[in-house]
Amino acid sequence: MASSSCADNLPPEASSSEVSENNLQPFFVLHKASQPRSSTAKSIRGKKKTKSAANESETSSDIHRKMDAFHSVWSKIESNIKDVLRTINADAFDEIRNWVIESFDAIQASRTPEITAKTSLSYPVLFNNSGAISQRLSTGLVFTKNMEIVDDILTFEELSLHLTSHGCHVATVSSLDFCSKNGVGGCLRSLLQQFLLVDIDAADISLLASWHSKHGNCEKPVVVIIEDLERCCGTVLSDFIILLSEWAVKIPTILIVGVSTNIDAPRNILSSHALEHLSPCTFVLKSPAERLDAVIEAVFIKHWAGFSIGHTVATFLRNYFLRQDGTLTSFIRAVKIAIVQLIFKEPLSFVLKGLVDGEENKGSYNVDLANLSKALIKQAFDLPSYCKHAGNRNNQEESNVNCLANGLLELQRLNELWGSVVMCLYEAGKHCKVTLLDLYWELLSPELCKTMLSVHHPERANDMLASNHSLSGFFQASEKGTFIGQVILKVRDLPVAKLSQLLKTWEKLAQGSNEVHKKILELQSMVQNADNRHSKRELTDLSKRHLSRGRAKCANDEDTFNEKAANLVYDMMRECMQPIESIPFHEIVCFKDVDKLQSALTGDPRRRIQSDLLEFQKILKCSCCSKGGVLLSPSMHDASIMYTLAQEHGDLINLHDWFQSFNATVSCLKRSKQLCSPKKRKVSNVPQNKSDASIQARFCRAIIELQIAGLLRAPSKRRPDYVQRVAFGL
């Protein structure tokens, strides 16, 4: 958007530059700075330029360090996410690959010499007896359990690479290729482009048959992946399947179809004739909740990249995933946005690079903090988390820098201990179907940490958590209480065999705390010894009375072990569970501004448009418009003038009154130029009606801009001289 009133104030460089009409890019309406009127103003401006240049150099250096920190943190997180998503589908991908190979071998084994002799023909070969089986397409139905295709795109890309690496010809076809507009020809052109690696306008399947008959191509399976069955046009997809089945003798194609709903989807979308040509086999991928748990484990717990989120942000992301979006892609995008906002808001965020680089070398910090300015050092020790925990302060700069480095290493160590507790509880929560997302959200709460640390007696803790009195009103996550309470109750009810397996897992996870690890080993040895004694007693006790007594004693021992395991959970939580928001210097690595993240994800475009139109001075920062404050200025943008004048009206705006107000505002610019001009003005030959026509044109263009922005509704036939406002006060 641009206005002619602002065109007079544009710098000459902008007016002389040639811009292509098709190069549409966002831009700001800039104004030309006013000319200095005295030598004093020149000297003041020169000093300001010197200071601003120094500030710009410092700012550019800080931005460069922050950009390095962002790339370091995000590259590590992105690499962990890709690895975990590739690993979580590895078993399913191997199963699909084995099925593809078995199907291809079965097709090759069913080929008789008669069929092989006719594969060189240029038309499809049909057999009633021996070829009936080969005309049915081996079809793998992959159930993704996703309602949005955005999460499945990366999954099928990984599947395509996996099959290609094992010697298959793979082509991926999206639902856009199966639209009614393109027909079957669009699908065939996509296949020809991917298999023949050339752009072909003619949709001729015989070209694909001749390519497959060449030496080497026919020895590998031909796999066609259809990403989303539910989004495809059923008629086009049915015709495509029938066409492939007709050419199945010459091109033995194996289909892999992504299904996001249920097993009835093919029956609801495809025709009965197309279903007769399919030989289906089902495969099930991990659910979105399971994939999200794997991402949380890789990003925030096991492979910590120096970035964490606060409890309020975790609450928003959990609700956003479960109730609104439900896609893993949006969750990853939210994490990336949070990293950007933390790094460019927090002055000391560049130290995250040291946490990432020092991840491989435990106990070291790979950023030189000795070059920090005194202002940054003071700002680090003025953080609320440090002031709350700090005792005696040392004012020496060197010791403060060492204190900061040690504080960051201690933060990393405590966060690793906290993560080990989360994983121990998650392993126990798998027996009662508690997700890692729920446990991670609940264990991030500093209030829960205070509650657990205030409990010094295990007996008291058992009563409080079992009855849920201490946490009443705190995270009413389910009818049974907190998720931690569900996990502890499940630990009390586990059989001895499963409890022994759980203790083995805890032994591997709780390596950071020697005391907790020692208690786990003691309980594990007790359970194993009791299990051995019970097995021997069952072999020696032959009488029924002795056998019944042995079973009763065994049940009592199991209750004792389960109680000790529950007490062990309390010990782990009291000694190791310290959420990130309760650790000094956590503001440097922890993002807690949920309002900014919510605004970035969900957004409020209409409110933002209104705010930019009414408060444009904050964006442009020009002297000509800011002098008047909230008053109208003729150098303002036409749309800003119009929308500011619209605030004086109600729901309906009279176009005539609105134009008169706009005309009076923009006419002030011409009168002010005439009064301020020292030279004798030449007589203009431009008629007055032409000037009025230009103002009317600007008025109409501003109305169209406001209408496109969604702030106005066009005049109706009933009242053509009025427009209606759509959005009101901010």
# chains A, B, ... in the order shown; residues from 1 in each chain; ligands from 1

call {"tool": "residues_around", "arguments": {"residues": "Ile488 of chain A", "least_positions_apart": "4", "cutoff": "10 Å", "atoms": "only C-alpha atoms", "output": "PDB file with all heavy atoms, in the first residue's frame"}}
result
ATOM      1  N   LEU A 425       9.754 -42.650  35.981  1.00  0.00           N
ATOM      2  CA  LEU A 425       8.303 -42.625  36.151  1.00  0.00           C
ATOM      3  C   LEU A 425       7.590 -43.020  34.861  1.00  0.00           C
ATOM      4  O   LEU A 425       6.531 -43.660  34.900  1.00  0.00           O
ATOM      5  CB  LEU A 425       7.866 -41.234  36.602  1.00  0.00           C
ATOM      6  CG  LEU A 425       8.286 -40.820  38.021  1.00  0.00           C
ATOM      7  CD1 LEU A 425       7.898 -39.370  38.288  1.00  0.00           C
ATOM      8  CD2 LEU A 425       7.647 -41.726  39.053  1.00  0.00           C
ATOM      9  N   ALA A 428       7.492 -46.755  34.499  1.00  0.00           N
ATOM     10  CA  ALA A 428       6.430 -47.320  35.336  1.00  0.00           C
ATOM     11  C   ALA A 428       5.054 -46.957  34.804  1.00  0.00           C
ATOM     12  O   ALA A 428       4.104 -47.750  34.911  1.00  0.00           O
ATOM     13  CB  ALA A 428       6.587 -46.828  36.773  1.00  0.00           C
ATOM     14  N   GLY A 429       4.927 -45.757  34.207  1.00  0.00           N
ATOM     15  CA  GLY A 429       3.640 -45.324  33.675  1.00  0.00           C
ATOM     16  C   GLY A 429       3.197 -46.069  32.439  1.00  0.00           C
ATOM     17  O   GLY A 429       2.009 -46.028  32.079  1.00  0.00           O
ATOM     18  N   ASN A 462       3.420 -40.836  51.662  1.00  0.00           N
ATOM     19  CA  ASN A 462       2.513 -41.854  51.140  1.00  0.00           C
ATOM     20  C   ASN A 462       1.064 -41.461  51.368  1.00  0.00           C
ATOM     21  O   ASN A 462       0.222 -41.562  50.479  1.00  0.00           O
ATOM     22  CB  ASN A 462       2.797 -43.194  51.826  1.00  0.00           C
ATOM     23  CG  ASN A 462       4.184 -43.700  51.500  1.00  0.00           C
ATOM     24  OD1 ASN A 462       4.803 -43.225  50.559  1.00  0.00           O
ATOM     25  ND2 ASN A 462       4.679 -44.648  52.270  1.00  0.00           N
ATOM     26  N   LEU A 465       0.131 -38.278  49.110  1.00  0.00           N
ATOM     27  CA  LEU A 465      -0.038 -38.510  47.678  1.00  0.00           C
ATOM     28  C   LEU A 465      -1.124 -39.532  47.395  1.00  0.00           C
ATOM     29  O   LEU A 465      -1.813 -39.453  46.389  1.00  0.00           O
ATOM     30  CB  LEU A 465       1.288 -38.976  47.066  1.00  0.00           C
ATOM     31  CG  LEU A 465       2.269 -37.855  46.734  1.00  0.00           C
ATOM     32  CD1 LEU A 465       3.539 -38.448  46.181  1.00  0.00           C
ATOM     33  CD2 LEU A 465       1.679 -36.858  45.786  1.00  0.00           C
ATOM     34  N   ALA A 466      -1.276 -40.519  48.281  1.00  0.00           N
ATOM     35  CA  ALA A 466      -2.307 -41.530  48.056  1.00  0.00           C
ATOM     36  C   ALA A 466      -3.696 -40.920  48.171  1.00  0.00           C
ATOM     37  O   ALA A 466      -4.603 -41.237  47.404  1.00  0.00           O
ATOM     38  CB  ALA A 466      -2.148 -42.672  49.055  1.00  0.00           C
ATOM     39  N   PHE A 483      -1.191 -37.562  37.437  1.00  0.00           N
ATOM     40  CA  PHE A 483      -0.586 -38.674  36.701  1.00  0.00           C
ATOM     41  C   PHE A 483       0.492 -39.348  37.536  1.00  0.00           C
ATOM     42  O   PHE A 483       0.698 -40.566  37.424  1.00  0.00           O
ATOM     43  CB  PHE A 483      -0.005 -38.161  35.380  1.00  0.00           C
ATOM     44  CG  PHE A 483      -1.051 -37.664  34.426  1.00  0.00           C
ATOM     45  CD1 PHE A 483      -1.212 -36.312  34.188  1.00  0.00           C
ATOM     46  CD2 PHE A 483      -1.884 -38.546  33.772  1.00  0.00           C
ATOM     47  CE1 PHE A 483      -2.176 -35.846  33.311  1.00  0.00           C
ATOM     48  CE2 PHE A 483      -2.851 -38.101  32.884  1.00  0.00           C
ATOM     49  CZ  PHE A 483      -3.000 -36.739  32.661  1.00  0.00           C
ATOM     50  N   ILE A 484       1.196 -38.580  38.358  1.00  0.00           N
ATOM     51  CA  ILE A 484       2.198 -39.178  39.241  1.00  0.00           C
ATOM     52  C   ILE A 484       1.517 -40.115  40.229  1.00  0.00           C
ATOM     53  O   ILE A 484       2.032 -41.203  40.540  1.00  0.00           O
ATOM     54  CB  ILE A 484       2.974 -38.076  39.976  1.00  0.00           C
ATOM     55  CG1 ILE A 484       3.672 -37.166  38.957  1.00  0.00           C
ATOM     56  CG2 ILE A 484       4.007 -38.669  40.921  1.00  0.00           C
ATOM     57  CD1 ILE A 484       4.332 -35.976  39.580  1.00  0.00           C
ATOM     58  N   ARG A 492       2.496 -49.967  43.185  1.00  0.00           N
ATOM     59  CA  ARG A 492       2.052 -50.757  44.344  1.00  0.00           C
ATOM     60  C   ARG A 492       1.372 -52.069  43.916  1.00  0.00           C
ATOM     61  O   ARG A 492       1.341 -53.020  44.702  1.00  0.00           O
ATOM     62  CB  ARG A 492       1.075 -49.943  45.187  1.00  0.00           C
ATOM     63  CG  ARG A 492       1.664 -48.688  45.812  1.00  0.00           C
ATOM     64  CD  ARG A 492       0.585 -47.947  46.582  1.00  0.00           C
ATOM     65  NE  ARG A 492       1.040 -46.659  47.064  1.00  0.00           N
ATOM     66  CZ  ARG A 492       1.656 -46.466  48.234  1.00  0.00           C
ATOM     67  NH1 ARG A 492       1.865 -47.495  49.028  1.00  0.00           N
ATOM     68  NH2 ARG A 492       2.039 -45.267  48.593  1.00  0.00           N
ATOM     69  N   ASP A 493       0.826 -52.116  42.708  1.00  0.00           N
ATOM     70  CA  ASP A 493       0.053 -53.280  42.266  1.00  0.00           C
ATOM     71  C   ASP A 493       0.805 -54.181  41.286  1.00  0.00           C
ATOM     72  O   ASP A 493       0.229 -55.168  40.801  1.00  0.00           O
ATOM     73  CB  ASP A 493      -1.258 -52.824  41.610  1.00  0.00           C
ATOM     74  CG  ASP A 493      -2.148 -52.063  42.579  1.00  0.00           C
ATOM     75  OD1 ASP A 493      -2.016 -52.298  43.795  1.00  0.00           O
ATOM     76  OD2 ASP A 493      -2.960 -51.228  42.122  1.00  0.00           O
ATOM     77  N   ASN A 562       6.456 -54.051  46.821  1.00  0.00           N
ATOM     78  CA  ASN A 562       5.753 -52.977  46.125  1.00  0.00           C
ATOM     79  C   ASN A 562       5.745 -51.694  46.947  1.00  0.00           C
ATOM     80  O   ASN A 562       5.876 -50.597  46.402  1.00  0.00           O
ATOM     81  CB  ASN A 562       4.322 -53.411  45.813  1.00  0.00           C
ATOM     82  CG  ASN A 562       4.267 -54.492  44.760  1.00  0.00           C
ATOM     83  OD1 ASN A 562       5.214 -54.678  44.006  1.00  0.00           O
ATOM     84  ND2 ASN A 562       3.174 -55.218  44.696  1.00  0.00           N
ATOM     85  N   GLU A 563       5.608 -51.843  48.272  1.00  0.00           N
ATOM     86  CA  GLU A 563       5.628 -50.667  49.132  1.00  0.00           C
ATOM     87  C   GLU A 563       7.007 -50.009  49.127  1.00  0.00           C
ATOM     88  O   GLU A 563       7.129 -48.784  49.097  1.00  0.00           O
ATOM     89  CB  GLU A 563       5.225 -51.058  50.556  1.00  0.00           C
ATOM     90  CG  GLU A 563       4.902 -49.879  51.456  1.00  0.00           C
ATOM     91  CD  GLU A 563       3.657 -49.148  51.011  1.00  0.00           C
ATOM     92  OE1 GLU A 563       2.788 -49.780  50.369  1.00  0.00           O
ATOM     93  OE2 GLU A 563       3.555 -47.934  51.289  1.00  0.00           O
ATOM     94  N   ALA A 565       9.129 -50.186  46.682  1.00  0.00           N
ATOM     95  CA  ALA A 565       9.299 -49.564  45.362  1.00  0.00           C
ATOM     96  C   ALA A 565       8.590 -48.214  45.295  1.00  0.00           C
ATOM     97  O   ALA A 565       9.114 -47.254  44.707  1.00  0.00           O
ATOM     98  CB  ALA A 565       8.767 -50.494  44.279  1.00  0.00           C
ATOM     99  N   ALA A 566       7.392 -48.125  45.914  1.00  0.00           N
ATOM    100  CA  ALA A 566       6.691 -46.840  45.949  1.00  0.00           C
ATOM    101  C   ALA A 566       7.468 -45.817  46.770  1.00  0.00           C
ATOM    102  O   ALA A 566       7.576 -44.640  46.390  1.00  0.00           O
ATOM    103  CB  ALA A 566       5.288 -47.033  46.519  1.00  0.00           C
ATOM    104  N   ASN A 567       8.037 -46.252  47.926  1.00  0.00           N
ATOM    105  CA  ASN A 567       8.867 -45.348  48.724  1.00  0.00           C
ATOM    106  C   ASN A 567      10.109 -44.916  47.953  1.00  0.00           C
ATOM    107  O   ASN A 567      10.596 -43.793  48.114  1.00  0.00           O
ATOM    108  CB  ASN A 567       9.268 -46.021  50.030  1.00  0.00           C
ATOM    109  CG  ASN A 567       8.086 -46.231  50.952  1.00  0.00           C
ATOM    110  OD1 ASN A 567       7.090 -45.500  50.880  1.00  0.00           O
ATOM    111  ND2 ASN A 567       8.176 -47.242  51.818  1.00  0.00           N
ATOM    112  N   VAL A 569      10.202 -44.397  44.778  1.00  0.00           N
ATOM    113  CA  VAL A 569       9.764 -43.331  43.868  1.00  0.00           C
ATOM    114  C   VAL A 569       9.781 -41.988  44.589  1.00  0.00           C
ATOM    115  O   VAL A 569      10.247 -40.971  44.052  1.00  0.00           O
ATOM    116  CB  VAL A 569       8.362 -43.644  43.317  1.00  0.00           C
ATOM    117  CG1 VAL A 569       7.838 -42.463  42.513  1.00  0.00           C
ATOM    118  CG2 VAL A 569       8.394 -44.887  42.453  1.00  0.00           C
ATOM    119  N   TYR A 570       9.296 -41.973  45.852  1.00  0.00           N
ATOM    120  CA  TYR A 570       9.320 -40.724  46.617  1.00  0.00           C
ATOM    121  C   TYR A 570      10.748 -40.244  46.858  1.00  0.00           C
ATOM    122  O   TYR A 570      11.037 -39.048  46.789  1.00  0.00           O
ATOM    123  CB  TYR A 570       8.614 -40.924  47.960  1.00  0.00           C
ATOM    124  CG  TYR A 570       7.171 -41.321  47.843  1.00  0.00           C
ATOM    125  CD1 TYR A 570       6.651 -42.365  48.603  1.00  0.00           C
ATOM    126  CD2 TYR A 570       6.320 -40.660  46.974  1.00  0.00           C
ATOM    127  CE1 TYR A 570       5.327 -42.745  48.504  1.00  0.00           C
ATOM    128  CE2 TYR A 570       4.998 -41.035  46.857  1.00  0.00           C
ATOM    129  CZ  TYR A 570       4.507 -42.070  47.628  1.00  0.00           C
ATOM    130  OH  TYR A 570       3.190 -42.432  47.521  1.00  0.00           O
TER     131      TYR A 570
END

call {"tool": "select_by_dssp", "arguments": {"residues": "segment 250-395 of chain A", "states": "alpha helix (DSSP H)", "output": "JSON, numbers by chain"}}
result
{"A": [265, 266, 267, 268, 269, 272, 273, 274, 275, 288, 289, 290, 291, 292, 293, 294, 295, 296, 311, 312, 313, 314, 315, 316, 317, 318, 319, 328, 329, 330, 331, 332, 333, 334, 335, 336, 337, 338, 339, 340, 341, 342, 343, 344, 345, 352, 353, 354, 355, 356, 357, 374, 375, 376, 377, 378, 379, 380, 381, 384, 385, 386, 387, 388, 389]}

call {"tool": "write_last_selection", "arguments": {"atoms": "C-alpha atoms", "output": "PDB file, in the first residue's frame"}}
result
ATOM      1  CA  ALA A 265     -11.913 -46.382   4.123  1.00  0.00           C
ATOM      2  CA  PRO A 266     -11.052 -48.331   0.914  1.00  0.00           C
ATOM      3  CA  ARG A 267     -14.563 -49.802   0.807  1.00  0.00           C
ATOM      4  CA  ASN A 268     -16.108 -46.334   1.189  1.00  0.00           C
ATOM      5  CA  ILE A 269     -13.934 -44.633  -1.447  1.00  0.00           C
ATOM      6  CA  SER A 272     -16.428 -52.576  -6.038  1.00  0.00           C
ATOM      7  CA  HIS A 273     -14.746 -53.373  -9.361  1.00  0.00           C
ATOM      8  CA  ALA A 274     -11.503 -51.737  -8.171  1.00  0.00           C
ATOM      9  CA  LEU A 275     -11.638 -53.584  -4.837  1.00  0.00           C
ATOM     10  CA  PRO A 288       0.816 -39.340  16.924  1.00  0.00           C
ATOM     11  CA  ALA A 289       0.905 -39.486  20.740  1.00  0.00           C
ATOM     12  CA  GLU A 290       3.630 -42.150  20.674  1.00  0.00           C
ATOM     13  CA  ARG A 291       5.677 -40.155  18.174  1.00  0.00           C
ATOM     14  CA  LEU A 292       5.278 -37.007  20.264  1.00  0.00           C
ATOM     15  CA  ASP A 293       6.485 -38.876  23.352  1.00  0.00           C
ATOM     16  CA  ALA A 294       9.548 -40.007  21.407  1.00  0.00           C
ATOM     17  CA  VAL A 295      10.253 -36.416  20.295  1.00  0.00           C
ATOM     18  CA  ILE A 296       9.900 -35.071  23.853  1.00  0.00           C
ATOM     19  CA  HIS A 311       5.390 -25.120  32.921  1.00  0.00           C
ATOM     20  CA  THR A 312       2.976 -22.523  31.477  1.00  0.00           C
ATOM     21  CA  VAL A 313       4.420 -23.032  27.985  1.00  0.00           C
ATOM     22  CA  ALA A 314       4.211 -26.810  28.400  1.00  0.00           C
ATOM     23  CA  THR A 315       0.574 -26.444  29.465  1.00  0.00           C
ATOM     24  CA  PHE A 316      -0.216 -24.425  26.344  1.00  0.00           C
ATOM     25  CA  LEU A 317       1.606 -26.836  24.014  1.00  0.00           C
ATOM     26  CA  ARG A 318      -0.105 -29.839  25.602  1.00  0.00           C
ATOM     27  CA  ASN A 319      -3.558 -28.297  25.221  1.00  0.00           C
ATOM     28  CA  LEU A 328       3.536 -33.317  15.416  1.00  0.00           C
ATOM     29  CA  THR A 329       4.564 -30.783  12.782  1.00  0.00           C
ATOM     30  CA  SER A 330       2.867 -27.938  14.647  1.00  0.00           C
ATOM     31  CA  PHE A 331       4.522 -29.017  17.907  1.00  0.00           C
ATOM     32  CA  ILE A 332       7.976 -28.962  16.290  1.00  0.00           C
ATOM     33  CA  ARG A 333       7.220 -25.580  14.731  1.00  0.00           C
ATOM     34  CA  ALA A 334       6.187 -24.256  18.152  1.00  0.00           C
ATOM     35  CA  VAL A 335       9.472 -25.451  19.656  1.00  0.00           C
ATOM     36  CA  LYS A 336      11.417 -23.668  16.916  1.00  0.00           C
ATOM     37  CA  ILE A 337       9.473 -20.447  17.466  1.00  0.00           C
ATOM     38  CA  ALA A 338      10.126 -20.673  21.206  1.00  0.00           C
ATOM     39  CA  ILE A 339      13.873 -21.073  20.594  1.00  0.00           C
ATOM     40  CA  VAL A 340      13.928 -18.008  18.338  1.00  0.00           C
ATOM     41  CA  GLN A 341      12.027 -15.882  20.830  1.00  0.00           C
ATOM     42  CA  LEU A 342      14.195 -16.961  23.763  1.00  0.00           C
ATOM     43  CA  ILE A 343      17.509 -16.378  21.999  1.00  0.00           C
ATOM     44  CA  PHE A 344      16.646 -12.944  20.625  1.00  0.00           C
ATOM     45  CA  LYS A 345      14.994 -11.766  23.841  1.00  0.00           C
ATOM     46  CA  LEU A 352      23.473 -21.910  24.765  1.00  0.00           C
ATOM     47  CA  LYS A 353      26.081 -22.680  22.138  1.00  0.00           C
ATOM     48  CA  GLY A 354      28.474 -23.677  24.913  1.00  0.00           C
ATOM     49  CA  LEU A 355      25.920 -26.061  26.391  1.00  0.00           C
ATOM     50  CA  VAL A 356      25.428 -27.717  23.003  1.00  0.00           C
ATOM     51  CA  ASP A 357      29.152 -27.948  22.239  1.00  0.00           C
ATOM     52  CA  LYS A 374      30.429  -5.911  32.996  1.00  0.00           C
ATOM     53  CA  ALA A 375      26.855  -5.051  32.048  1.00  0.00           C
ATOM     54  CA  LEU A 376      26.133  -8.622  30.929  1.00  0.00           C
ATOM     55  CA  ILE A 377      27.789 -10.067  34.035  1.00  0.00           C
ATOM     56  CA  LYS A 378      25.737  -7.794  36.251  1.00  0.00           C
ATOM     57  CA  GLN A 379      22.604  -8.709  34.340  1.00  0.00           C
ATOM     58  CA  ALA A 380      23.325 -12.431  34.836  1.00  0.00           C
ATOM     59  CA  PHE A 381      23.644 -12.062  38.599  1.00  0.00           C
ATOM     60  CA  PRO A 384      15.539 -13.419  39.891  1.00  0.00           C
ATOM     61  CA  SER A 385      16.449 -17.109  40.060  1.00  0.00           C
ATOM     62  CA  TYR A 386      20.026 -16.316  41.170  1.00  0.00           C
ATOM     63  CA  CYS A 387      19.015 -13.579  43.604  1.00  0.00           C
ATOM     64  CA  LYS A 388      16.599 -15.988  45.221  1.00  0.00           C
ATOM     65  CA  HIS A 389      19.186 -18.733  45.786  1.00  0.00           C
TER      66      HIS A 389
END

call {"tool": "closest_residue", "arguments": {"among": "A:Lys717, A:Arg231, A:Lys508, A:Lys433", "to": "Ser180 of chain A", "atoms": "only C-alpha atoms"}}
result
A:Arg231

call {"tool": "atom_distance", "arguments": {"atom1": "atom CA of Leu437 of chain A", "atom2": "atom CA of Val142 of chain A"}}
result
25.3 Å

call {"tool": "closest_atom_pairs", "arguments": {"of": "segment 553-616 of chain A", "to": "segment 511-528 of chain A", "cutoff": "9 Å", "atoms": "only C-alpha atoms", "output": "Markdown table"}}
result
| residue | atom | partner | partner_atom | distance |
| --- | --- | --- | --- | --- |
| A:Asp557 | CA | A:Val527 | CA | 8.9 |
| A:Glu558 | CA | A:Val527 | CA | 8.5 |
| A:Phe561 | CA | A:Val527 | CA | 7.0 |
| A:Lys564 | CA | A:Leu523 | CA | 7.6 |
| A:Ala565 | CA | A:Leu523 | CA | 7.6 |
| A:Leu568 | CA | A:Lys519 | CA | 7.5 |
| A:Asp571 | CA | A:Val516 | CA | 7.4 |
| A:Met572 | CA | A:Val516 | CA | 6.3 |
| A:Glu575 | CA | A:Val516 | CA | 8.1 |
| A:Cys576 | CA | A:Ser513 | CA | 7.5 |

call {"tool": "residues_around", "arguments": {"residues": "Ile703 of chain A", "least_positions_apart": "2", "cutoff": "10 Å", "atoms": "only C-alpha atoms", "output": "list in words"}}
result
Asp638, Ala639, Met642, Tyr643, Leu655, Ala697, Arg698, Phe699, Cys700, Arg701, Glu705, Leu706, Gln707, Ile708, Ala709, Leu711, Leu712, Arg713, Ala714 and Val723 of chain A

call {"tool": "write_last_selection", "arguments": {"atoms": "N, CA, C and O atoms", "output": "CSV table (one decimal), in the first residue's frame"}}
result
chain,number,residue,atom,x,y,z
A,638,ASP,N,-2.9,6.9,3.4
A,638,ASP,CA,-4.3,7.1,3.2
A,638,ASP,C,-5.2,6.1,4.0
A,638,ASP,O,-6.2,6.5,4.6
A,639,ALA,N,-4.8,4.8,4.0
A,639,ALA,CA,-5.6,3.8,4.8
A,639,ALA,C,-5.6,4.1,6.3
A,639,ALA,O,-6.6,3.9,7.0
A,642,MET,N,-8.0,7.1,6.8
A,642,MET,CA,-9.4,6.6,6.7
A,642,MET,C,-9.8,5.8,7.9
A,642,MET,O,-10.9,6.0,8.4
A,643,TYR,N,-8.9,4.9,8.4
A,643,TYR,CA,-9.4,4.1,9.5
A,643,TYR,C,-9.4,4.9,10.8
A,643,TYR,O,-10.2,4.6,11.7
A,655,LEU,N,-20.7,7.5,3.6
A,655,LEU,CA,-19.5,7.7,2.6
A,655,LEU,C,-19.3,9.2,2.3
A,655,LEU,O,-18.2,9.6,2.2
A,697,ALA,N,-10.0,9.4,-6.1
A,697,ALA,CA,-9.3,8.1,-6.5
A,697,ALA,C,-8.6,7.5,-5.3
A,697,ALA,O,-8.6,6.3,-5.0
A,698,ARG,N,-7.9,8.4,-4.5
A,698,ARG,CA,-7.2,7.9,-3.3
A,698,ARG,C,-8.2,7.4,-2.3
A,698,ARG,O,-7.9,6.5,-1.6
A,699,PHE,N,-9.3,8.1,-2.2
A,699,PHE,CA,-10.4,7.7,-1.2
A,699,PHE,C,-10.9,6.3,-1.6
A,699,PHE,O,-11.1,5.5,-0.7
A,700,CYS,N,-11.2,6.1,-2.8
A,700,CYS,CA,-11.7,4.8,-3.3
A,700,CYS,C,-10.7,3.7,-3.1
A,700,CYS,O,-11.0,2.6,-2.6
A,701,ARG,N,-9.4,4.0,-3.4
A,701,ARG,CA,-8.4,3.0,-3.2
A,701,ARG,C,-8.2,2.6,-1.7
A,701,ARG,O,-8.0,1.5,-1.3
A,705,GLU,N,-8.6,-1.1,0.1
A,705,GLU,CA,-7.6,-1.7,0.9
A,705,GLU,C,-8.2,-2.1,2.3
A,705,GLU,O,-7.9,-3.2,2.8
A,706,LEU,N,-9.0,-1.3,2.9
A,706,LEU,CA,-9.7,-1.6,4.1
A,706,LEU,C,-10.6,-2.8,3.9
A,706,LEU,O,-10.8,-3.6,4.8
A,707,GLN,N,-11.3,-2.9,2.8
A,707,GLN,CA,-12.2,-4.0,2.5
A,707,GLN,C,-11.4,-5.3,2.3
A,707,GLN,O,-11.9,-6.3,2.8
A,708,ILE,N,-10.3,-5.2,1.6
A,708,ILE,CA,-9.5,-6.4,1.5
A,708,ILE,C,-8.9,-6.9,2.8
A,708,ILE,O,-8.8,-8.1,3.1
A,709,ALA,N,-8.6,-5.9,3.7
A,709,ALA,CA,-8.1,-6.3,5.0
A,709,ALA,C,-9.1,-6.9,5.9
A,709,ALA,O,-8.8,-7.4,7.0
A,711,LEU,N,-11.8,-5.2,7.2
A,711,LEU,CA,-12.3,-4.3,8.2
A,711,LEU,C,-13.6,-3.5,7.7
A,711,LEU,O,-14.2,-2.9,8.5
A,712,LEU,N,-14.0,-3.7,6.5
A,712,LEU,CA,-15.2,-3.0,6.0
A,712,LEU,C,-16.0,-4.0,5.2
A,712,LEU,O,-15.4,-5.0,4.6
A,713,ARG,N,-17.2,-3.7,5.1
A,713,ARG,CA,-18.2,-4.5,4.3
A,713,ARG,C,-18.7,-3.6,3.2
A,713,ARG,O,-19.1,-2.5,3.5
A,714,ALA,N,-18.8,-4.1,2.0
A,714,ALA,CA,-19.2,-3.3,0.8
A,714,ALA,C,-20.6,-2.8,1.0
A,714,ALA,O,-21.4,-3.4,1.7
A,723,VAL,N,-21.2,2.2,4.3
A,723,VAL,CA,-20.4,1.0,4.5
A,723,VAL,C,-20.5,0.6,5.9
A,723,VAL,O,-20.7,1.4,6.8
